[in-house]
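Student: Following this line is entry-v1.tsv, made up of TSV, C-alpha atoms and all ligand atoms:
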chain	number	residue	atom	x	y	z
A	1	MET	CA	-25.93	5.25	-16.84
A	2	GLU	CA	-26.34	4.77	-13.13
A	3	ASN	CA	-23.95	2.32	-11.57
A	4	THR	CA	-26.15	-0.09	-9.64
A	5	ALA	CA	-23.40	-2.56	-8.69
A	6	PRO	CA	-23.13	-2.68	-4.89
A	7	ARG	CA	-19.97	-1.10	-3.49
A	8	LYS	CA	-17.24	-3.66	-3.03
A	9	LYS	CA	-16.43	-4.30	0.61
A	10	ARG	CA	-13.17	-2.77	1.75
A	11	ALA	CA	-10.25	-4.60	3.32
A	12	LEU	CA	-7.16	-3.14	4.99
A	13	SER	CA	-4.12	-4.73	6.54
A	14	CYS	CA	-0.49	-3.92	7.34
A	15	ILE	CA	2.74	-5.71	8.05
A	16	GLN	CA	5.71	-4.43	10.02
A	17	PRO	CA	9.11	-4.26	8.30
A	18	SER	CA	10.71	-5.51	11.51
A	19	GLY	CA	12.73	-8.23	9.79
A	20	VAL	CA	12.44	-10.61	6.89
A	21	PRO	CA	8.89	-11.97	6.91
A	22	THR	CA	8.40	-15.56	7.89
A	23	LEU	CA	6.38	-18.44	6.61
A	24	GLY	CA	3.95	-17.56	9.43
A	25	ASN	CA	3.41	-14.06	8.05
A	26	TYR	CA	2.92	-15.51	4.60
A	27	LEU	CA	0.52	-18.34	5.42
A	28	GLY	CA	-1.30	-16.43	8.15
A	29	ALA	CA	-1.66	-13.10	6.43
A	30	LEU	CA	0.09	-12.19	3.18
A	31	ARG	CA	-1.11	-15.09	1.08
A	32	ASN	CA	-4.71	-14.36	1.98
A	33	TRP	CA	-4.35	-10.75	0.94
A	34	VAL	CA	-3.52	-11.80	-2.62
A	35	GLY	CA	-6.72	-13.83	-2.84
A	36	MET	CA	-8.83	-10.92	-1.58
A	37	GLN	CA	-7.90	-8.46	-4.30
A	38	ASP	CA	-10.78	-9.20	-6.65
A	39	GLU	CA	-13.55	-9.46	-4.13
A	40	PHE	CA	-12.57	-6.46	-2.00
A	41	GLU	CA	-11.32	-2.94	-2.51
A	42	CYS	CA	-7.97	-3.44	-0.76
A	43	PHE	CA	-5.50	-1.26	1.13
A	44	PHE	CA	-2.18	-2.82	2.22
A	45	ALA	CA	0.64	-1.05	3.97
A	46	VAL	CA	4.14	-1.51	5.32
A	47	ALA	CA	3.71	-0.46	8.97
A	48	ASP	CA	7.15	1.07	9.48
A	49	LEU	CA	6.04	3.41	12.30
A	50	HIS	CA	5.06	0.30	14.26
A	51	ALA	CA	8.48	-1.26	13.76
A	52	ILE	CA	10.20	1.44	15.84
A	53	THR	CA	8.39	0.39	19.02
A	54	VAL	CA	11.47	-1.79	19.36
A	55	ARG	CA	14.89	-0.32	18.58
A	56	GLN	CA	15.85	-0.41	14.89
A	57	GLU	CA	19.14	0.37	13.19
A	58	PRO	CA	18.44	3.12	10.60
A	59	ALA	CA	20.30	1.58	7.64
A	60	LYS	CA	18.70	-1.78	8.28
A	61	LEU	CA	15.24	-0.31	8.73
A	62	ARG	CA	15.56	1.54	5.41
A	63	GLN	CA	16.48	-1.72	3.66
A	64	GLN	CA	13.69	-3.65	5.36
A	65	ILE	CA	11.04	-1.12	4.34
A	66	ARG	CA	12.09	-1.42	0.70
A	67	GLU	CA	12.27	-5.17	0.92
A	68	MET	CA	8.86	-5.46	2.49
A	69	PHE	CA	7.34	-3.27	-0.21
A	70	ALA	CA	9.05	-5.37	-2.90
A	71	LEU	CA	7.80	-8.49	-1.22
A	72	LEU	CA	4.21	-7.31	-1.29
A	73	LEU	CA	4.59	-6.99	-5.05
A	74	ALA	CA	6.43	-10.31	-5.32
A	75	ILE	CA	3.71	-12.31	-3.61
A	76	GLY	CA	1.25	-11.03	-6.19
A	77	LEU	CA	-0.32	-7.86	-4.82
A	78	ASP	CA	-1.12	-5.71	-7.82
A	79	PRO	CA	-0.85	-1.92	-7.49
A	80	GLU	CA	-3.47	-1.58	-10.23
A	81	LYS	CA	-5.99	-3.41	-8.09
A	82	SER	CA	-4.94	-2.59	-4.53
A	83	LEU	CA	-3.60	0.51	-2.84
A	84	LEU	CA	-0.10	-0.40	-1.61
A	85	PHE	CA	1.77	2.11	0.52
A	86	VAL	CA	4.26	2.79	3.30
A	87	GLN	CA	2.67	4.03	6.54
A	88	SER	CA	5.23	6.72	7.44
A	89	GLN	CA	4.77	8.35	4.01
A	90	VAL	CA	1.16	9.16	4.89
A	91	PRO	CA	1.04	11.76	7.69
A	92	ALA	CA	-2.60	11.16	8.69
A	93	HIS	CA	-1.62	7.94	10.48
A	94	SER	CA	0.42	9.73	13.15
A	95	GLN	CA	-2.13	12.53	13.36
A	96	LEU	CA	-5.17	10.33	13.91
A	97	ALA	CA	-3.20	8.10	16.29
A	98	TRP	CA	-2.96	10.99	18.78
A	99	LEU	CA	-6.67	11.71	18.60
A	100	LEU	CA	-7.43	8.04	19.17
A	101	ALA	CA	-4.85	7.74	21.96
A	102	CYS	CA	-6.97	10.21	23.87
A	103	HIS	CA	-9.88	7.79	23.50
A	104	THR	CA	-7.99	4.64	24.53
A	105	GLN	CA	-7.88	3.59	28.17
A	106	PHE	CA	-4.77	2.63	30.10
A	107	GLY	CA	-6.53	-0.52	31.32
A	108	GLU	CA	-7.39	-1.65	27.79
A	109	LEU	CA	-3.81	-1.25	26.62
A	110	SER	CA	-2.46	-3.11	29.65
A	111	ARG	CA	-4.42	-6.21	28.64
A	112	MET	CA	-2.85	-6.53	25.18
A	113	THR	CA	-0.95	-9.82	24.85
A	114	GLN	CA	1.48	-8.43	22.28
A	115	PHE	CA	2.42	-5.61	24.67
A	116	LYS	CA	2.99	-8.04	27.51
A	117	ASP	CA	5.10	-10.34	25.29
A	118	LYS	CA	7.20	-7.57	23.82
A	119	ALA	CA	7.64	-5.79	27.16
A	120	GLN	CA	9.02	-9.03	28.52
A	121	LYS	CA	11.31	-9.56	25.51
A	122	HIS	CA	12.59	-5.99	25.53
A	123	ALA	CA	12.59	-5.28	29.26
A	124	ASP	CA	15.22	-2.54	28.79
A	125	ASN	CA	13.02	-0.51	26.43
A	126	ILE	CA	9.37	-0.53	27.47
A	127	ASN	CA	8.57	2.77	25.78
A	128	LEU	CA	5.34	4.73	25.42
A	129	GLY	CA	5.07	3.79	21.73
A	130	LEU	CA	5.10	0.08	22.54
A	131	PHE	CA	2.27	0.62	24.98
A	132	ALA	CA	0.30	2.95	22.69
A	133	TYR	CA	0.82	0.73	19.61
A	134	PRO	CA	-2.88	-0.26	19.36
A	135	SER	CA	-3.96	3.40	19.03
A	136	LEU	CA	-1.69	3.76	16.00
A	137	MET	CA	-2.98	0.49	14.61
A	138	ALA	CA	-6.56	1.70	15.12
A	139	ALA	CA	-5.64	4.85	13.16
A	140	ASP	CA	-4.15	2.75	10.32
A	141	ILE	CA	-7.39	0.90	10.06
A	142	LEU	CA	-10.07	3.52	10.71
A	143	LEU	CA	-8.61	6.08	8.30
A	144	TYR	CA	-9.64	3.94	5.32
A	145	GLN	CA	-13.11	2.88	6.56
A	146	PRO	CA	-12.56	-0.84	5.87
A	147	ASP	CA	-15.25	-3.46	6.50
A	148	VAL	CA	-12.72	-6.21	7.22
A	149	VAL	CA	-9.16	-6.48	8.51
A	150	PRO	CA	-7.44	-9.69	7.36
A	151	VAL	CA	-4.92	-10.70	10.02
A	152	GLY	CA	-3.45	-13.76	11.72
A	153	ALA	CA	-5.13	-14.92	14.93
A	154	ASP	CA	-2.55	-13.06	17.06
A	155	GLN	CA	-3.96	-9.70	15.94
A	156	LYS	CA	-7.60	-10.38	16.77
A	157	GLN	CA	-7.29	-8.63	20.12
A	158	HIS	CA	-5.97	-5.46	18.47
A	159	VAL	CA	-8.78	-5.41	15.93
A	160	GLU	CA	-11.30	-5.83	18.71
A	161	LEU	CA	-9.79	-2.89	20.56
A	162	THR	CA	-10.02	-0.90	17.31
A	163	ARG	CA	-13.73	-1.68	17.17
A	164	ASN	CA	-14.18	-0.46	20.73
A	165	ILE	CA	-12.32	2.76	20.01
A	166	ALA	CA	-14.39	3.34	16.85
A	167	GLU	CA	-17.67	2.74	18.66
A	168	ARG	CA	-16.64	5.03	21.52
A	169	PHE	CA	-15.63	7.78	19.11
A	170	ASN	CA	-18.80	7.44	17.01
A	171	GLY	CA	-20.88	7.48	20.20
A	172	LEU	CA	-19.32	10.73	21.36
A	173	TYR	CA	-19.12	12.69	18.12
A	174	GLY	CA	-21.46	11.06	15.58
A	175	ASN	CA	-20.69	8.54	12.88
A	176	VAL	CA	-17.17	9.01	11.61
A	177	PHE	CA	-15.71	5.51	11.44
A	178	THR	CA	-16.86	2.22	9.94
A	179	VAL	CA	-16.58	-0.44	12.67
A	180	PRO	CA	-14.48	-3.21	11.05
A	181	GLU	CA	-14.48	-6.97	11.58
A	182	PRO	CA	-11.35	-9.09	11.97
A	183	TYR	CA	-11.05	-11.57	9.07
A	184	ILE	CA	-9.10	-14.63	10.08
A	185	MET	CA	-8.35	-17.47	7.69
A	186	LYS	CA	-8.60	-21.04	8.83
A	187	THR	CA	-5.41	-22.50	7.41
A	188	GLY	CA	-2.16	-21.00	8.55
A	189	ALA	CA	-3.80	-18.65	11.03
A	190	ARG	CA	-1.27	-19.50	13.71
A	191	VAL	CA	2.00	-20.93	12.48
A	192	ARG	CA	4.17	-21.80	15.44
A	193	SER	CA	7.85	-21.65	16.19
A	194	LEU	CA	9.82	-24.67	14.92
A	195	GLN	CA	11.82	-24.68	18.16
A	196	GLU	CA	9.16	-23.80	20.75
A	197	PRO	CA	5.92	-24.92	19.12
A	198	THR	CA	3.71	-23.49	21.85
A	199	ARG	CA	4.73	-19.96	20.72
A	200	LYS	CA	3.96	-18.28	17.43
A	201	MET	CA	6.57	-18.18	14.69
A	202	SER	CA	7.98	-14.67	14.83
A	203	LYS	CA	10.39	-12.92	12.51
A	204	SER	CA	12.04	-11.15	15.42
A	205	ASP	CA	12.92	-14.40	17.20
A	206	GLU	CA	16.56	-14.53	18.22
A	207	ASN	CA	16.88	-18.17	17.30
A	208	GLN	CA	16.85	-18.41	13.51
A	209	TYR	CA	15.96	-22.08	13.66
A	210	ALA	CA	12.61	-21.03	15.15
A	211	TYR	CA	11.35	-19.56	11.87
A	212	VAL	CA	11.55	-20.00	8.13
A	213	SER	CA	12.12	-16.67	6.43
A	214	LEU	CA	10.74	-16.01	2.97
A	215	LYS	CA	14.33	-15.38	1.86
A	216	ASP	CA	15.74	-18.71	3.07
A	217	ASP	CA	17.29	-20.78	0.27
A	218	PRO	CA	16.17	-24.40	-0.20
A	219	ASP	CA	19.09	-25.87	1.80
A	220	THR	CA	18.36	-23.61	4.76
A	221	VAL	CA	14.65	-24.44	4.65
A	222	MET	CA	15.38	-28.18	4.63
A	223	ARG	CA	17.88	-27.82	7.48
A	224	LYS	CA	15.41	-25.87	9.61
A	225	PHE	CA	12.70	-28.50	9.17
A	226	ARG	CA	15.14	-31.31	9.93
A	227	ARG	CA	15.90	-29.55	13.23
A	228	ALA	CA	12.24	-28.83	14.09
A	229	VAL	CA	11.18	-29.93	17.56
A	230	THR	CA	8.73	-32.87	17.58
A	231	ASP	CA	7.94	-35.54	20.19
A	232	SER	CA	8.92	-39.10	20.95
A	233	GLU	CA	5.78	-40.84	19.71
A	234	ALA	CA	6.94	-41.13	16.09
A	235	GLN	CA	3.41	-41.02	14.66
A	236	VAL	CA	2.26	-38.34	12.27
A	237	ARG	CA	-1.14	-37.57	13.75
A	238	TYR	CA	-2.87	-34.43	14.92
A	239	ALA	CA	-3.49	-34.59	18.66
A	240	GLU	CA	-3.34	-32.60	21.84
A	241	GLY	CA	0.13	-32.37	23.33
A	242	LYS	CA	1.80	-32.91	19.95
A	243	ASP	CA	2.42	-29.22	19.30
A	244	GLY	CA	5.49	-29.72	17.11
A	245	ILE	CA	3.88	-32.30	14.82
A	246	ASN	CA	0.57	-30.43	14.76
A	247	ASN	CA	2.44	-27.37	13.58
A	248	LEU	CA	4.29	-29.26	10.84
A	249	MET	CA	1.04	-30.86	9.72
A	250	GLU	CA	-0.64	-27.47	9.54
A	251	ILE	CA	2.24	-26.03	7.54
A	252	TYR	CA	2.18	-28.98	5.15
A	253	SER	CA	-1.58	-28.72	4.78
A	254	ALA	CA	-1.44	-24.96	4.17
A	255	CYS	CA	1.26	-25.43	1.49
A	256	THR	CA	-0.27	-28.39	-0.36
A	257	GLY	CA	-3.98	-27.83	0.22
A	258	ASP	CA	-4.35	-31.38	1.64
A	259	SER	CA	-6.60	-31.74	4.68
A	260	LEU	CA	-5.10	-32.78	8.03
A	261	GLU	CA	-6.83	-36.17	7.70
A	262	ALA	CA	-5.26	-36.68	4.27
A	263	VAL	CA	-1.83	-35.79	5.67
A	264	GLU	CA	-2.31	-38.27	8.50
A	265	ALA	CA	-3.29	-41.01	6.04
A	266	ALA	CA	-0.44	-40.23	3.64
A	267	PHE	CA	2.19	-40.51	6.38
A	268	ALA	CA	0.74	-43.43	8.33
A	269	GLY	CA	3.55	-45.78	9.28
A	270	LYS	CA	6.26	-43.35	8.15
A	271	GLY	CA	8.80	-41.79	10.50
A	272	TYR	CA	9.28	-38.13	11.37
A	273	GLY	CA	12.37	-37.94	9.17
A	274	ASP	CA	10.35	-38.61	6.01
A	275	PHE	CA	7.61	-36.27	7.11
A	276	LYS	CA	9.98	-33.40	7.85
A	277	GLN	CA	11.60	-33.90	4.43
A	278	ALA	CA	8.16	-33.66	2.77
A	279	VAL	CA	7.19	-30.55	4.73
A	280	GLY	CA	10.49	-28.89	3.81
A	281	GLU	CA	10.01	-29.69	0.12
A	282	ALA	CA	6.44	-28.37	0.11
A	283	VAL	CA	7.64	-25.10	1.64
A	284	VAL	CA	10.53	-24.77	-0.85
A	285	GLU	CA	8.04	-25.05	-3.72
A	286	VAL	CA	5.81	-22.34	-2.25
A	287	LEU	CA	8.78	-19.99	-1.78
A	288	ARG	CA	10.46	-20.50	-5.16
A	289	PRO	CA	8.30	-18.23	-7.40
A	290	ILE	CA	8.09	-15.53	-4.71
A	291	GLN	CA	11.87	-15.40	-4.38
A	292	GLU	CA	12.33	-15.11	-8.13
A	293	ARG	CA	9.95	-12.16	-8.41
A	294	PHE	CA	11.35	-10.52	-5.28
A	295	ALA	CA	14.86	-10.50	-6.77
A	296	ARG	CA	13.54	-8.79	-9.90
A	297	TYR	CA	11.76	-6.01	-7.97
A	298	MET	CA	14.79	-5.37	-5.77
A	299	GLN	CA	16.94	-4.84	-8.85
A	300	ASP	CA	14.75	-2.03	-10.17
A	301	LYS	CA	15.01	0.73	-7.57
A	302	GLY	CA	13.39	3.32	-9.85
A	303	GLN	CA	10.27	1.27	-10.30
A	304	LEU	CA	10.03	0.52	-6.58
A	305	ASP	CA	10.37	4.20	-5.65
A	306	SER	CA	7.80	5.29	-8.16
A	307	LEU	CA	5.27	2.70	-6.99
A	308	MET	CA	5.82	3.82	-3.38
A	309	LYS	CA	5.27	7.43	-4.35
A	310	GLN	CA	2.05	6.70	-6.20
A	311	GLY	CA	0.79	4.66	-3.26
A	312	ALA	CA	1.63	7.42	-0.77
A	313	GLU	CA	-0.19	10.03	-2.83
A	314	ARG	CA	-3.35	7.99	-3.18
A	315	ALA	CA	-3.33	6.92	0.47
A	316	SER	CA	-2.77	10.52	1.61
A	317	LEU	CA	-5.85	11.67	-0.26
A	318	ALA	CA	-8.05	8.86	1.05
A	319	SER	CA	-6.89	9.17	4.67
A	320	ARG	CA	-7.04	12.97	4.77
A	321	ARG	CA	-10.79	12.83	4.19
A	322	THR	CA	-11.39	10.74	7.32
A	323	LEU	CA	-8.90	12.71	9.42
A	324	ASP	CA	-10.58	16.03	8.52
A	325	LYS	CA	-13.97	14.63	9.37
A	326	ALA	CA	-12.80	13.31	12.75
A	327	MET	CA	-11.09	16.63	13.60
A	328	LYS	CA	-14.10	18.69	12.61
A	329	LYS	CA	-16.46	16.56	14.67
A	330	MET	CA	-14.17	16.87	17.69
A	331	GLY	CA	-14.21	20.65	17.51
A	332	PHE	CA	-10.89	21.48	15.87
A	333	VAL	CA	-10.79	24.46	13.54
A	334	LEU	CA	-9.77	23.47	10.02
A	335	VAL	CA	-8.44	26.11	7.65
A	401	LIG	P1	7.25	-9.43	15.07
A	401	LIG	O1	7.94	-10.75	15.20
A	401	LIG	O2	8.15	-8.32	14.67
A	401	LIG	O3	6.36	-9.12	16.22
A	401	LIG	P2	5.38	-10.71	13.45
A	401	LIG	O4	6.16	-11.78	12.81
A	401	LIG	O5	4.47	-11.03	14.55
A	401	LIG	O6	6.32	-9.54	13.85
A	401	LIG	P3	3.78	-8.75	12.03
A	401	LIG	O7	4.44	-7.87	11.07
A	401	LIG	O8	3.49	-8.17	13.34
A	401	LIG	O9	4.59	-10.09	12.25
A	401	LIG	O10	2.46	-9.36	11.40
A	401	LIG	C1	2.09	-9.37	10.05
A	401	LIG	C2	0.92	-10.29	9.85
A	401	LIG	O11	1.34	-11.64	9.98
A	401	LIG	C3	-0.22	-10.10	10.85
A	401	LIG	O12	-1.44	-10.15	10.18
A	401	LIG	C4	-0.08	-11.27	11.77
A	401	LIG	O13	-1.31	-11.67	12.30
A	401	LIG	C5	0.48	-12.35	10.86
A	401	LIG	N1	1.29	-13.31	11.61
A	401	LIG	C6	2.41	-13.04	12.30
A	401	LIG	N2	2.93	-14.16	12.83
A	401	LIG	C7	2.11	-15.16	12.45
A	401	LIG	C8	2.11	-16.57	12.67
A	401	LIG	N3	3.06	-17.15	13.38
A	401	LIG	N4	1.12	-17.30	12.14
A	401	LIG	C9	0.16	-16.73	11.40
A	401	LIG	N5	0.10	-15.41	11.16
A	401	LIG	C10	1.06	-14.63	11.66
A	402	LIG	N1	-0.13	-4.89	14.53
A	402	LIG	C1	0.12	-5.68	13.36
A	402	LIG	C2	0.62	-4.89	12.21
A	402	LIG	C3	-0.32	-3.81	11.90
A	402	LIG	C4	-1.63	-3.95	11.35
A	402	LIG	C5	-2.13	-2.62	11.22
A	402	LIG	C6	-2.40	-5.03	10.97
A	402	LIG	C7	-0.11	-2.48	12.07
A	402	LIG	N2	-1.17	-1.76	11.66
A	402	LIG	C8	-3.41	-2.40	10.70
A	402	LIG	C9	-3.68	-4.79	10.46
A	402	LIG	C10	-4.17	-3.49	10.33
A	402	LIG	C11	1.09	-6.76	13.76
A	402	LIG	O1	1.87	-6.59	14.65
A	402	LIG	N3	1.00	-7.83	13.07
Rewrite the coordinates I just gave you, this time as structure tokens.

Tutor:
Amino acid sequence: MENTAPRKKRALSCIQPSGVPTLGNYLGALRNWVGMQDEFECFFAVADLHAITVRQEPAKLRQQIREMFALLLAIGLDPEKSLLFVQSQVPAHSQLAWLLACHTQFGELSRMTQFKDKAQKHADNINLGLFAYPSLMAADILLYQPDVVPVGADQKQHVELTRNIAERFNGLYGNVFTVPEPYIMKTGARVRSLQEPTRKMSKSDENQYAYVSLKDDPDTVMRKFRRAVTDSEAQVRYAEGKDGINNLMEIYSACTGDSLEAVEAAFAGKGYGDFKQAVGEAVVEVLRPIQERFARYMQDKGQLDSLMKQGAERASLASRRTLDKAMKKMGFVLV
């Protein structure tokens, strides 16, 4: 019988194993991936090749790749439903990245906020890979022909550059790539640093009080929220200039599902101490089941390795098809 069901839309996203993921990664990206698995045909990867744009210690990187893969499983991504893989285990990513680098302009790359931020943070190592990062990210995406790319707001610029590269390539050689849309969730899209609430919460921050990691135990979580920077007004309300409180309100709202108005009403007349306690507790509850499952996956190395291998094989097949097509259209000779 003919299958008349329309093709499910495709979604692809990746996360770097550049440290232990934070609450920002979870609320802004990872959590949304879990909810997309039924509606979309999903591809999710650990972007380890991206992590080396800043210096990594080999033993630590190895551990972080495994941990990130285990975490994807622990948050509820299901390898039966979604294709989960590690980027470096699929050669087409590096191969297509070169082809796309030759279709990416110096000026475009110079405008990328993440490049400017990281170049400033790592002034002693502004390498070519850091600059060319968006070409590799475009390859990650375009290889799997996704319709949407679920990311936090900070990655919108990179997805837009990917669209430009895809359109340029298609214009020159004929239709090879689907031009994807960024897919940004409303709640948790931009979780900010607990110490400098004008900046995003980042797992590579040197100050560990700036972020909550998904591995932090309840005491650490509570301590970090107690230390979070606020303001001197002592009123829990969402308003311009109250970056610290706005951030805590957004975190609380993302964890409990309450609207910002409801949060404001619930804490009217209460001090920041009570509010911080409540935010901390809400976060602890969100982390608890993830941490339990994570510990179980990390104990079973055999299972983790075999899931990685299956993912790499399936992703290699899918990506090879697009790479071959792009190479053929460009005039390379395939044998
Ligand atoms: P790094 O600190 O190493 O630059 P990162 O914490 O920014 O890393 P990535 O691995 O680059 O995290 O990003 C993974 C996903 O998490 C991306 O989709 C990104 O948009 C999202 N994300 C990262 N930080 C935040 C944040 N503070 N708020 C919401 N989403 C975020
Ligand atoms: N650049 C992203 C990580 C990333 C990604 C991707 C996201 C690498 N490749 C492909 C979406 C799709 C970041 O720094 N957060």

Student: Quick one: of A:Ile245, A:Leu214, A:Val90, A:Met36, who's nearest to Ala295 (chain A), counting only C-alpha atoms?

Tutor: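 The answer is A:Leu214, which sits nearest to Ala295 (chain A).
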
Student: Using all atoms listed in the file, what does the table of chain A residues within 7 Å of ligand LIG 401 (chain A) look like, with each row giving the shortest atom pair and its distance in Å to one decimal, sorted by chain and ascending number, as a tab-separated table?

Tutor:
residue	atom	partner	partner_atom	distance
A:Cys14	CA	A:LIG401	C1	6.6
A:Ile15	CA	A:LIG401	O7	4.1
A:Gln16	CA	A:LIG401	O7	3.8
A:Pro17	CA	A:LIG401	O7	6.5
A:Ser18	CA	A:LIG401	O2	4.9
A:Gly19	CA	A:LIG401	O2	6.7
A:Pro21	CA	A:LIG401	O4	6.5
A:Thr22	CA	A:LIG401	O4	6.6
A:Gly24	CA	A:LIG401	C8	3.9
A:Asn25	CA	A:LIG401	O11	3.7
A:Tyr26	CA	A:LIG401	O11	6.8
A:Leu27	CA	A:LIG401	C9	6.2
A:Gly28	CA	A:LIG401	N5	3.5
A:Ala29	CA	A:LIG401	O12	4.8
A:Leu30	CA	A:LIG401	O11	6.9
A:Pro150	CA	A:LIG401	O12	6.6
A:Val151	CA	A:LIG401	O12	3.5
A:Gly152	CA	A:LIG401	O13	3.0
A:Ala153	CA	A:LIG401	O13	5.7
A:Asp154	CA	A:LIG401	O13	5.1
A:Gln155	CA	A:LIG401	O13	4.9
A:Gly188	CA	A:LIG401	C9	5.6
A:Ala189	CA	A:LIG401	C9	4.4
A:Arg190	CA	A:LIG401	N4	3.6
A:Val191	CA	A:LIG401	N4	3.8
A:Arg192	CA	A:LIG401	N3	5.2
A:Lys200	CA	A:LIG401	N3	4.3
A:Met201	CA	A:LIG401	N3	3.9
A:Ser202	CA	A:LIG401	O1	3.9
A:Lys203	CA	A:LIG401	O1	4.2
A:Ser204	CA	A:LIG401	O1	4.1
A:Asp205	CA	A:LIG401	O1	6.5

Student: So the first atom is CA of Ser110 (chain A) and the second is CA of Val86 (chain A); what is the distance between them in Å, to one decimal place?

Tutor: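 If I compute the distance from CA of Ser110 (chain A) to CA of Val86 (chain A), I get 27.8 Å.
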
Student: Would you kindly return, as a list of chain:residue names, each protein, DNA or RNA residue with an atom no farther than 7 Å from any atom of region 127-142 of chain A, considering all atoms listed in the file and excluding same-chain residues fewer than 6 positions away?

Tutor: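 Residues near the query, excluding close chain neighbours: A:Leu12, A:His50, A:Thr53, A:His93, A:Ser94, A:Leu96, A:Ala97, A:Leu100, A:Ala101, A:Thr104, A:Leu109, A:Phe115, A:His158, A:Thr162, A:Phe177, A:Thr178.
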
Student: So, counting only C-alpha atoms and all ligand atoms, which residue among A:Val20, A:Ala51, A:Met68, A:Leu307 is closest to ligand LIG 402 (chain A)?

Tutor: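 For ligand LIG 402 (chain A), the nearest of the given residues is A:Ala51.
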
Student: Could you please determine the separation between CA of Glu39 (chain A) and CA of Ser253 (chain A) in Å, to one decimal place?

Tutor: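 These atoms are spaced 24.4 Å apart.
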
Student: What is the distance between CA of Tyr144 (chain A) and CA of Gly331 (chain A), in Å to one decimal?

Tutor: 21.2 Å

Student: Using all atoms listed in the file, find the one residue out of A:Gln299, A:Gly280, A:Tyr183, A:Arg55 that sits nearest to Ala123 (chain A).

Tutor: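 Closest candidate: A:Arg55.
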
Student: For Pro146 (chain A), which residue out of A:Ile65, A:Ala265, A:Leu323, A:Cys42 is the nearest one, using only C-alpha atoms?

Tutor: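 Of A:Ile65, A:Ala265, A:Leu323, A:Cys42, the one nearest Pro146 (chain A) is A:Cys42, counting only C-alpha atoms.
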
Student: Under the rule that all atoms listed in the file are counted, which of A:Met222, A:Ala228, A:Ala59, A:Ala11 is the nearest residue to Ala210 (chain A)?

Tutor: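 That would be A:Ala228, the residue with the smallest distance to Ala210 (chain A).
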